[in-house]
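See below for the structure under consideration.
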Amino acid sequence: MKILLIGSGAREHALARKIMESSSTVSLLCYGSSINPGIAPLVSHYIPGEMSDIMGMVQCAQNHEVDMVVVGPEAPLASGIADELHKHGIACIGPSSDLAQIETSKAFGRDFVQAIAAQYVPRYRQFQAQDPQALEFLESLGQDFVLKADGLCGGKGVKISGEQLHSHQQALDDPICQEPFVIEEKCTGVEFSLISFCDGAHAKHMPIIHDHKRLLDDDQGPNTGGMGTISDHDHHLPFIDPDMIQQAQALNELVMKSLSEKCAKPYCGFLYGGFMQSTKGLKLIEYNARLGDPEGINLLALLETDIVAIFEAMIAGRLDQQEVVFKTQASVCKYIVPSSYPGALDCDPLMDISAIERPERLYFGSIDMQGDQLRMKGSRAIAVLATGDTLCEAALRAEETCELVQGSVYYRKDIGSESLLQKRAETLITKVTT
Ligand code: GLY
């Protein structure tokens with residue numbers, strides 16, 4: 001079996017490792033915009049190329065006669081990699097561009113879910129660039145609003161009142177409003193994500209997971225791509241009501257089926273629902289058409305079932321007949337970043353991991369190997385993943401490994417800690433009673 005993996009970050013390192021654990025004989029190829037030092041030793045061919053070069057990816061799949069392509073990032077999905085592969089009879093784990101609009105257009109995503117499950121959608125309206133009517137809607141929301149660019153913005157397309165925005169005028173002056181945009185009500189509560197394997201008719205859900213978006217301990221500092229993620233041994237989270245998980249699972253299934261019907265083609269790939277357990281019940285924050293980063297690192301480390309068998313079942317539309325089992329263990333993932341992150345690289349780029357005796361805990365992201373030296377490139381460099389019987393145990397193990405990394409680096413110490421879990425549990429109680 002020949003599999004082509006698209007992407008070269010830590011999420012794709014996790015995918016590559018999982019694919020190579022398969023009991024099938026797999027020859028893995030990677031098409032990526034950089035050479036990931038973790039992926040390189042796992043693949044038979046490493047093809048450097050831009051994520052925008054869809055025809056380059058298709059040509060690569062054709063030249064190497066691959067059996068399937070697994071897409072990591074959202075950009076090639078938005079540009080239609082799955083559509084082009086299907087034209088050439090090549091199977092793809094990742095939805096076609098019309099299905100992927102659930103992530104790639106915020107307005108499409110909101111309108112779609114509003115039509116099938118309005119109770120989960122915060123109040124919202126979409127606007128064209130510099131639309132003067134936006135002020136009236138902002139005024140109707142008061143001080144609690146969120147501004148979202150309609151299209152993909154590489155993680156920079158969302159700004160929240162009280163965080164990056166402090167007045168209606170500041171919102172209207174923001175560069176986001178220079179292109180089509182969405183304004184929505186800001187909800188209060190605790191976030192969690194639910195990612196499902198999907199074949200268009202059936203979904204198999206992963207354990208729920210919680211991301212830590214702020215740079216600094218105790219949720220301080222600027223937002224980032226995600227500093228780390230936790231999942232618990234029972235596949236729930238101590239601060240999330242089990243009823244919310246059931247509703248999120250039902251919504252992921254409904255969205256997958258309704259999207260597949262609307263577009264008259266099966267949604268074959270990962271469907272990532274970002275949810276909030278809010279003071280007004282379950283609310284949908286966003287959908288993504290891919291595996292999360294770093295969420296996928298936790299979840300693939302816990303996956304017991306052969307991922308290639310799952311992919312084959314997804315492609316054949318028989319996911320309902322495929323067992324999908326996750327370890328009943330907790331997991332904690334922490335990203336090691338350059339001390340200048342999320343700004344441009346402005347510190348010594350060298351990182352030394354030679355003291356780490358558990359390399360299986362490391363997933364390489366924005367980092368190059370030059371000779372025998374690891375050089376950070378500026379963004380999230382290495383993800384450290386540990387599992388344990390409890391969240392506390394997993395957090396301690398992740399911390400032990402993080403402490404051994406040498407260099408001008410930073411990571412959050414509090415991810416998975418008892419005190420942060422307690423703070424999450426108290427968020428809703430405080431908001432409901434005040
Ligand atoms: N960690 C958030 C994301 O992958 O979108």
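Within each chain, counting starts at residue 1; across the structure tokens, chains are named A, B, ... in the order shown, with ligands numbered 1 upward in that order.
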Spatial neighbours of segment 167-174 of chain A, max dist 8 Å, only C-alpha atoms, sep filter under 4 positions, as a list in words: Gln130, Ala134, Leu135, Leu138, Glu139, Gln143, Leu147, Ser161 and Gln178 of chain A
Write the residues of the selection above to a file with C-alpha atoms, as a PDB file, in the first residue's frame.
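Result file follows (selection_20.pdb):
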```pdb
ATOM      1  CA  GLN A 130     -16.568  47.887   5.187  1.00  0.00           C
ATOM      2  CA  ALA A 134     -22.102  46.336  10.865  1.00  0.00           C
ATOM      3  CA  LEU A 135     -22.247  49.102  13.510  1.00  0.00           C
ATOM      4  CA  LEU A 138     -22.456  45.483  16.972  1.00  0.00           C
ATOM      5  CA  GLU A 139     -24.634  47.867  19.004  1.00  0.00           C
ATOM      6  CA  GLN A 143     -19.850  44.619  24.600  1.00  0.00           C
ATOM      7  CA  LEU A 147     -15.183  39.433  14.697  1.00  0.00           C
ATOM      8  CA  SER A 161     -14.152  41.835  22.508  1.00  0.00           C
ATOM      9  CA  GLN A 178     -11.624  45.142   4.831  1.00  0.00           C
TER      10      GLN A 178
END
```
Applying 10 Å and only C-alpha atoms, which residues near Glu50 of chain A remain after dropping the ones on its own chain fewer than 6 positions away? List them as a tab-separated table (two decimals) with N, CA and C atoms, in the first residue's frame.
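Dumped to selection29.tsv:
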```tsv
chain	number	residue	atom	x	y	z
A	7	GLY	N	1.69	17.65	3.97
A	7	GLY	CA	1.93	18.50	5.15
A	7	GLY	C	3.17	18.04	5.89
A	31	TYR	N	4.64	14.91	1.00
A	31	TYR	CA	4.77	16.15	0.22
A	31	TYR	C	4.64	17.27	1.24
A	32	GLY	N	5.70	18.06	1.43
A	32	GLY	CA	5.64	19.10	2.45
A	32	GLY	C	6.43	20.32	2.06
A	33	SER	N	6.12	21.44	2.72
A	33	SER	CA	6.80	22.69	2.38
A	33	SER	C	8.16	22.78	3.07
A	34	SER	N	8.46	21.84	3.98
A	34	SER	CA	9.78	21.81	4.60
A	34	SER	C	10.09	20.35	4.95
A	56	GLY	N	0.88	20.04	-8.39
A	56	GLY	CA	2.14	19.38	-8.01
A	56	GLY	C	1.86	18.17	-7.12
A	57	MET	N	0.91	18.31	-6.22
A	57	MET	CA	0.56	17.20	-5.31
A	57	MET	C	-0.07	16.06	-6.10
A	76	PRO	N	-4.67	23.08	1.38
A	76	PRO	CA	-4.90	22.28	0.16
A	76	PRO	C	-6.35	21.80	0.03
```
Name the residues in contact with Gly155 of chain A at a cut-off of 12 Å, using only C-alpha atoms, excluding same-chain residues fewer than 4 positions from it; report them as number ranges by chain. A: 74-75, 103-104, 148-149, 151, 159, 213, 223-226, 288, 293, 342
Listing only residues of chain A within 12 Å of ligand 1, what is the closest atom pair and its distance in Å (to one decimal) for each, using only C-alpha atoms and all ligand atoms, sorted by chain and residue number ascending, as JSON lines?
```
{"residue": "A:Gly9", "atom": "CA", "partner": "ligand 1", "partner_atom_place_in_ligand_line": "4 (O)", "distance": 11.5}
{"residue": "A:Ala10", "atom": "CA", "partner": "ligand 1", "partner_atom_place_in_ligand_line": "4 (O)", "distance": 11.1}
{"residue": "A:Arg11", "atom": "CA", "partner": "ligand 1", "partner_atom_place_in_ligand_line": "4 (O)", "distance": 9.0}
{"residue": "A:Glu12", "atom": "CA", "partner": "ligand 1", "partner_atom_place_in_ligand_line": "4 (O)", "distance": 12.0}
{"residue": "A:Gly72", "atom": "CA", "partner": "ligand 1", "partner_atom_place_in_ligand_line": "4 (O)", "distance": 10.3}
{"residue": "A:Pro73", "atom": "CA", "partner": "ligand 1", "partner_atom_place_in_ligand_line": "4 (O)", "distance": 9.0}
{"residue": "A:Glu74", "atom": "CA", "partner": "ligand 1", "partner_atom_place_in_ligand_line": "5 (O)", "distance": 9.5}
{"residue": "A:Glu103", "atom": "CA", "partner": "ligand 1", "partner_atom_place_in_ligand_line": "5 (O)", "distance": 9.9}
{"residue": "A:Thr104", "atom": "CA", "partner": "ligand 1", "partner_atom_place_in_ligand_line": "5 (O)", "distance": 11.9}
{"residue": "A:Leu152", "atom": "CA", "partner": "ligand 1", "partner_atom_place_in_ligand_line": "5 (O)", "distance": 11.4}
{"residue": "A:Cys153", "atom": "CA", "partner": "ligand 1", "partner_atom_place_in_ligand_line": "5 (O)", "distance": 11.7}
{"residue": "A:Gly154", "atom": "CA", "partner": "ligand 1", "partner_atom_place_in_ligand_line": "5 (O)", "distance": 9.7}
{"residue": "A:Gly155", "atom": "CA", "partner": "ligand 1", "partner_atom_place_in_ligand_line": "5 (O)", "distance": 7.7}
{"residue": "A:Lys156", "atom": "CA", "partner": "ligand 1", "partner_atom_place_in_ligand_line": "5 (O)", "distance": 11.3}
{"residue": "A:Gly157", "atom": "CA", "partner": "ligand 1", "partner_atom_place_in_ligand_line": "5 (O)", "distance": 11.9}
{"residue": "A:Val158", "atom": "CA", "partner": "ligand 1", "partner_atom_place_in_ligand_line": "5 (O)", "distance": 11.9}
{"residue": "A:Glu191", "atom": "CA", "partner": "ligand 1", "partner_atom_place_in_ligand_line": "2 (C)", "distance": 11.4}
{"residue": "A:Phe192", "atom": "CA", "partner": "ligand 1", "partner_atom_place_in_ligand_line": "2 (C)", "distance": 10.6}
{"residue": "A:Ser193", "atom": "CA", "partner": "ligand 1", "partner_atom_place_in_ligand_line": "2 (C)", "distance": 8.9}
{"residue": "A:Leu194", "atom": "CA", "partner": "ligand 1", "partner_atom_place_in_ligand_line": "2 (C)", "distance": 11.4}
{"residue": "A:Ile195", "atom": "CA", "partner": "ligand 1", "partner_atom_place_in_ligand_line": "4 (O)", "distance": 10.5}
{"residue": "A:Ile209", "atom": "CA", "partner": "ligand 1", "partner_atom_place_in_ligand_line": "1 (N)", "distance": 10.0}
{"residue": "A:His210", "atom": "CA", "partner": "ligand 1", "partner_atom_place_in_ligand_line": "1 (N)", "distance": 9.0}
{"residue": "A:Asp211", "atom": "CA", "partner": "ligand 1", "partner_atom_place_in_ligand_line": "1 (N)", "distance": 6.2}
{"residue": "A:His212", "atom": "CA", "partner": "ligand 1", "partner_atom_place_in_ligand_line": "1 (N)", "distance": 8.2}
{"residue": "A:Lys213", "atom": "CA", "partner": "ligand 1", "partner_atom_place_in_ligand_line": "1 (N)", "distance": 7.6}
{"residue": "A:Arg214", "atom": "CA", "partner": "ligand 1", "partner_atom_place_in_ligand_line": "1 (N)", "distance": 11.3}
{"residue": "A:Asn223", "atom": "CA", "partner": "ligand 1", "partner_atom_place_in_ligand_line": "2 (C)", "distance": 11.1}
{"residue": "A:Thr224", "atom": "CA", "partner": "ligand 1", "partner_atom_place_in_ligand_line": "1 (N)", "distance": 8.9}
{"residue": "A:Gly225", "atom": "CA", "partner": "ligand 1", "partner_atom_place_in_ligand_line": "1 (N)", "distance": 5.8}
{"residue": "A:Gly226", "atom": "CA", "partner": "ligand 1", "partner_atom_place_in_ligand_line": "1 (N)", "distance": 5.0}
{"residue": "A:Met227", "atom": "CA", "partner": "ligand 1", "partner_atom_place_in_ligand_line": "1 (N)", "distance": 8.2}
{"residue": "A:Gly228", "atom": "CA", "partner": "ligand 1", "partner_atom_place_in_ligand_line": "1 (N)", "distance": 8.1}
{"residue": "A:Thr229", "atom": "CA", "partner": "ligand 1", "partner_atom_place_in_ligand_line": "1 (N)", "distance": 8.0}
{"residue": "A:Ile230", "atom": "CA", "partner": "ligand 1", "partner_atom_place_in_ligand_line": "1 (N)", "distance": 11.3}
{"residue": "A:Phe270", "atom": "CA", "partner": "ligand 1", "partner_atom_place_in_ligand_line": "4 (O)", "distance": 11.7}
{"residue": "A:Leu271", "atom": "CA", "partner": "ligand 1", "partner_atom_place_in_ligand_line": "5 (O)", "distance": 11.3}
{"residue": "A:Tyr272", "atom": "CA", "partner": "ligand 1", "partner_atom_place_in_ligand_line": "5 (O)", "distance": 8.3}
{"residue": "A:Gly273", "atom": "CA", "partner": "ligand 1", "partner_atom_place_in_ligand_line": "5 (O)", "distance": 9.7}
{"residue": "A:Gly274", "atom": "CA", "partner": "ligand 1", "partner_atom_place_in_ligand_line": "5 (O)", "distance": 8.5}
{"residue": "A:Phe275", "atom": "CA", "partner": "ligand 1", "partner_atom_place_in_ligand_line": "2 (C)", "distance": 11.9}
{"residue": "A:Ile285", "atom": "CA", "partner": "ligand 1", "partner_atom_place_in_ligand_line": "5 (O)", "distance": 11.3}
{"residue": "A:Glu286", "atom": "CA", "partner": "ligand 1", "partner_atom_place_in_ligand_line": "5 (O)", "distance": 9.3}
{"residue": "A:Tyr287", "atom": "CA", "partner": "ligand 1", "partner_atom_place_in_ligand_line": "5 (O)", "distance": 9.0}
{"residue": "A:Asn288", "atom": "CA", "partner": "ligand 1", "partner_atom_place_in_ligand_line": "5 (O)", "distance": 6.9}
{"residue": "A:Ala289", "atom": "CA", "partner": "ligand 1", "partner_atom_place_in_ligand_line": "5 (O)", "distance": 9.6}
{"residue": "A:Arg290", "atom": "CA", "partner": "ligand 1", "partner_atom_place_in_ligand_line": "4 (O)", "distance": 8.0}
{"residue": "A:Leu291", "atom": "CA", "partner": "ligand 1", "partner_atom_place_in_ligand_line": "4 (O)", "distance": 6.8}
{"residue": "A:Gly292", "atom": "CA", "partner": "ligand 1", "partner_atom_place_in_ligand_line": "4 (O)", "distance": 3.4}
{"residue": "A:Asp293", "atom": "CA", "partner": "ligand 1", "partner_atom_place_in_ligand_line": "4 (O)", "distance": 4.0}
{"residue": "A:Pro294", "atom": "CA", "partner": "ligand 1", "partner_atom_place_in_ligand_line": "1 (N)", "distance": 5.4}
{"residue": "A:Glu295", "atom": "CA", "partner": "ligand 1", "partner_atom_place_in_ligand_line": "1 (N)", "distance": 6.0}
{"residue": "A:Gly296", "atom": "CA", "partner": "ligand 1", "partner_atom_place_in_ligand_line": "4 (O)", "distance": 8.2}
{"residue": "A:Ile297", "atom": "CA", "partner": "ligand 1", "partner_atom_place_in_ligand_line": "1 (N)", "distance": 10.3}
{"residue": "A:Asn298", "atom": "CA", "partner": "ligand 1", "partner_atom_place_in_ligand_line": "1 (N)", "distance": 11.3}
{"residue": "A:Cys333", "atom": "CA", "partner": "ligand 1", "partner_atom_place_in_ligand_line": "1 (N)", "distance": 11.2}
{"residue": "A:Lys334", "atom": "CA", "partner": "ligand 1", "partner_atom_place_in_ligand_line": "1 (N)", "distance": 11.6}
{"residue": "A:Tyr335", "atom": "CA", "partner": "ligand 1", "partner_atom_place_in_ligand_line": "1 (N)", "distance": 11.0}
{"residue": "A:Arg380", "atom": "CA", "partner": "ligand 1", "partner_atom_place_in_ligand_line": "1 (N)", "distance": 11.4}
```
Selection near Val324 of chain A, 9 Å with only C-alpha atoms, sequence-local residues under 5 positions removed, as a list in words: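 Contacts, with the query itself left out: Lys204, His205, Met206, Leu303, Glu304, Thr305, Asp306, Ile307, Ile310 and Leu319 of chain A.
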I want to know what sits within 8 Å of Val66 of chain A, based on only C-alpha atoms, with residues of the same chain fewer than 3 positions away left out; could you give that as a PyMOL selection string? chain A and resi 1-4+61-62+69+90
Which of these residues is nearest to Met256 of chain A, using only C-alpha atoms: A:Gly200, A:Gly189, A:Gly221, A:Pro207? A:Gly200
Need to verify the contact set: Gly89 of chain A, 12 Å, only C-alpha atoms, exclusion of same-chain residues closer than 2 positions in sequence. Can you return it as a PyMOL selection string? chain A and resi 58+61-62+65-69+82-87+91-92+315
Write the residues of the preceding selection, restricted to N, CA and C atoms, as a PDB file, in the first residue's frame.
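Generated output (out34.pdb):
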```pdb
ATOM      1  N   VAL A  58      -0.970  16.423  -7.021  1.00  0.00           N
ATOM      2  CA  VAL A  58      -1.661  15.388  -7.800  1.00  0.00           C
ATOM      3  C   VAL A  58      -0.649  14.641  -8.679  1.00  0.00           C
ATOM      4  N   ALA A  61       1.185  12.225  -6.637  1.00  0.00           N
ATOM      5  CA  ALA A  61       0.367  11.037  -6.336  1.00  0.00           C
ATOM      6  C   ALA A  61       0.304  10.117  -7.551  1.00  0.00           C
ATOM      7  N   GLN A  62       0.192  10.741  -8.746  1.00  0.00           N
ATOM      8  CA  GLN A  62       0.116   9.930  -9.973  1.00  0.00           C
ATOM      9  C   GLN A  62       1.458   9.269 -10.288  1.00  0.00           C
ATOM     10  N   GLU A  65       1.994   6.433  -8.132  1.00  0.00           N
ATOM     11  CA  GLU A  65       0.881   5.473  -8.143  1.00  0.00           C
ATOM     12  C   GLU A  65       0.413   5.145  -6.731  1.00  0.00           C
ATOM     13  N   VAL A  66       0.115   6.191  -5.949  1.00  0.00           N
ATOM     14  CA  VAL A  66      -0.274   5.951  -4.551  1.00  0.00           C
ATOM     15  C   VAL A  66      -1.716   5.455  -4.477  1.00  0.00           C
ATOM     16  N   ASP A  67      -2.015   4.727  -3.404  1.00  0.00           N
ATOM     17  CA  ASP A  67      -3.373   4.197  -3.210  1.00  0.00           C
ATOM     18  C   ASP A  67      -4.278   5.206  -2.530  1.00  0.00           C
ATOM     19  N   MET A  68      -3.684   6.039  -1.686  1.00  0.00           N
ATOM     20  CA  MET A  68      -4.503   7.090  -1.050  1.00  0.00           C
ATOM     21  C   MET A  68      -3.623   8.261  -0.644  1.00  0.00           C
ATOM     22  N   VAL A  69      -4.279   9.408  -0.515  1.00  0.00           N
ATOM     23  CA  VAL A  69      -3.593  10.626  -0.065  1.00  0.00           C
ATOM     24  C   VAL A  69      -4.246  11.049   1.250  1.00  0.00           C
ATOM     25  N   ALA A  82      -8.720  17.393  -2.882  1.00  0.00           N
ATOM     26  CA  ALA A  82      -9.538  16.167  -2.942  1.00  0.00           C
ATOM     27  C   ALA A  82     -10.280  16.091  -4.284  1.00  0.00           C
ATOM     28  N   ASP A  83     -10.813  17.233  -4.747  1.00  0.00           N
ATOM     29  CA  ASP A  83     -11.543  17.271  -6.029  1.00  0.00           C
ATOM     30  C   ASP A  83     -10.625  16.799  -7.164  1.00  0.00           C
ATOM     31  N   GLU A  84      -9.404  17.331  -7.184  1.00  0.00           N
ATOM     32  CA  GLU A  84      -8.477  16.976  -8.276  1.00  0.00           C
ATOM     33  C   GLU A  84      -8.073  15.507  -8.201  1.00  0.00           C
ATOM     34  N   LEU A  85      -7.835  15.026  -6.981  1.00  0.00           N
ATOM     35  CA  LEU A  85      -7.448  13.612  -6.836  1.00  0.00           C
ATOM     36  C   LEU A  85      -8.579  12.703  -7.310  1.00  0.00           C
ATOM     37  N   HIS A  86      -9.825  13.043  -6.939  1.00  0.00           N
ATOM     38  CA  HIS A  86     -10.964  12.209  -7.340  1.00  0.00           C
ATOM     39  C   HIS A  86     -11.074  12.148  -8.864  1.00  0.00           C
ATOM     40  N   LYS A  87     -10.799  13.287  -9.535  1.00  0.00           N
ATOM     41  CA  LYS A  87     -10.860  13.292 -11.019  1.00  0.00           C
ATOM     42  C   LYS A  87      -9.906  12.257 -11.596  1.00  0.00           C
ATOM     43  N   ALA A  91      -7.995   8.021  -4.124  1.00  0.00           N
ATOM     44  CA  ALA A  91      -8.758   8.231  -2.884  1.00  0.00           C
ATOM     45  C   ALA A  91      -8.066   9.269  -2.002  1.00  0.00           C
ATOM     46  N   CYS A  92      -8.894  10.017  -1.255  1.00  0.00           N
ATOM     47  CA  CYS A  92      -8.341  11.097  -0.427  1.00  0.00           C
ATOM     48  C   CYS A  92      -8.989  11.104   0.954  1.00  0.00           C
ATOM     49  N   ILE A 315     -12.847   5.267   3.096  1.00  0.00           N
ATOM     50  CA  ILE A 315     -12.886   5.390   1.634  1.00  0.00           C
ATOM     51  C   ILE A 315     -13.986   4.489   1.054  1.00  0.00           C
TER      52      ILE A 315
END
```
Which parts of segment 121-217 of chain A does DSSP call alpha helix (DSSP H) when run on the backbone here, written out as an mmCIF file with C-alpha atoms, in the first residue's frame?
```cif
data_model
loop_
_atom_site.group_PDB
_atom_site.id
_atom_site.type_symbol
_atom_site.label_atom_id
_atom_site.label_comp_id
_atom_site.auth_asym_id
_atom_site.auth_seq_id
_atom_site.Cartn_x
_atom_site.Cartn_y
_atom_site.Cartn_z
ATOM 1 C CA ALA A 134 -22.102 46.336 10.865
ATOM 2 C CA LEU A 135 -22.247 49.102 13.510
ATOM 3 C CA GLU A 136 -25.961 48.557 14.123
ATOM 4 C CA PHE A 137 -25.435 44.837 14.676
ATOM 5 C CA LEU A 138 -22.456 45.483 16.972
ATOM 6 C CA GLU A 139 -24.634 47.867 19.004
ATOM 7 C CA SER A 140 -27.315 45.206 19.323
ATOM 8 C CA LEU A 141 -24.696 42.819 20.785
ATOM 9 C CA HIS A 168 -17.135 48.984 18.315
ATOM 10 C CA GLN A 169 -15.062 51.536 16.410
ATOM 11 C CA GLN A 170 -11.879 49.553 16.938
ATOM 12 C CA ALA A 171 -13.698 46.498 15.549
ATOM 13 C CA LEU A 172 -14.918 48.413 12.471
ATOM 14 C CA ASP A 173 -11.398 49.773 11.865
#
```
With only C-alpha atoms as the basis for distance, which of A:His233, A:Gly269, A:Met244, A:Leu282 is at the shortest distance from Gly388 of chain A?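 Once distances to Gly388 of chain A are computed over only C-alpha atoms, the minimum belongs to A:His233.
Nearest-residue note for Leu350 of chain A: choosing from A:Val113, A:Thr328, A:Gln373, A:Glu253, the minimum distance belongs to A:Gln373, counting only C-alpha atoms.
Take atom CA of Ile102 of chain A and atom CA of Ser196 of chain A: the distance between them is 14.3 Å.
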In Å and to one decimal, atom CA of Leu345 of chain A is distant from atom CA of Gln406 of chain A by 16.6 Å
Compare A:Ile240, A:Ala355, A:Ala330, A:Met55 by their minimum atom-to-atom distance to Thr390 of chain A, counting only C-alpha atoms, and give me the closest one. A:Ala330
Skipping near chain neighbours, those fewer than 4 positions away, what residues fall within 12 Å of Asp372 of chain A using only C-alpha atoms, listed as a ChimeraX atom specification? /A:37,350-354,368
Report, in Å with one decimal, the straight-line distance from atom CA of Tyr124 of chain A to atom CA of Glu185 of chain A.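 Atom CA of Glu185 of chain A lies 6.3 Å from atom CA of Tyr124 of chain A.
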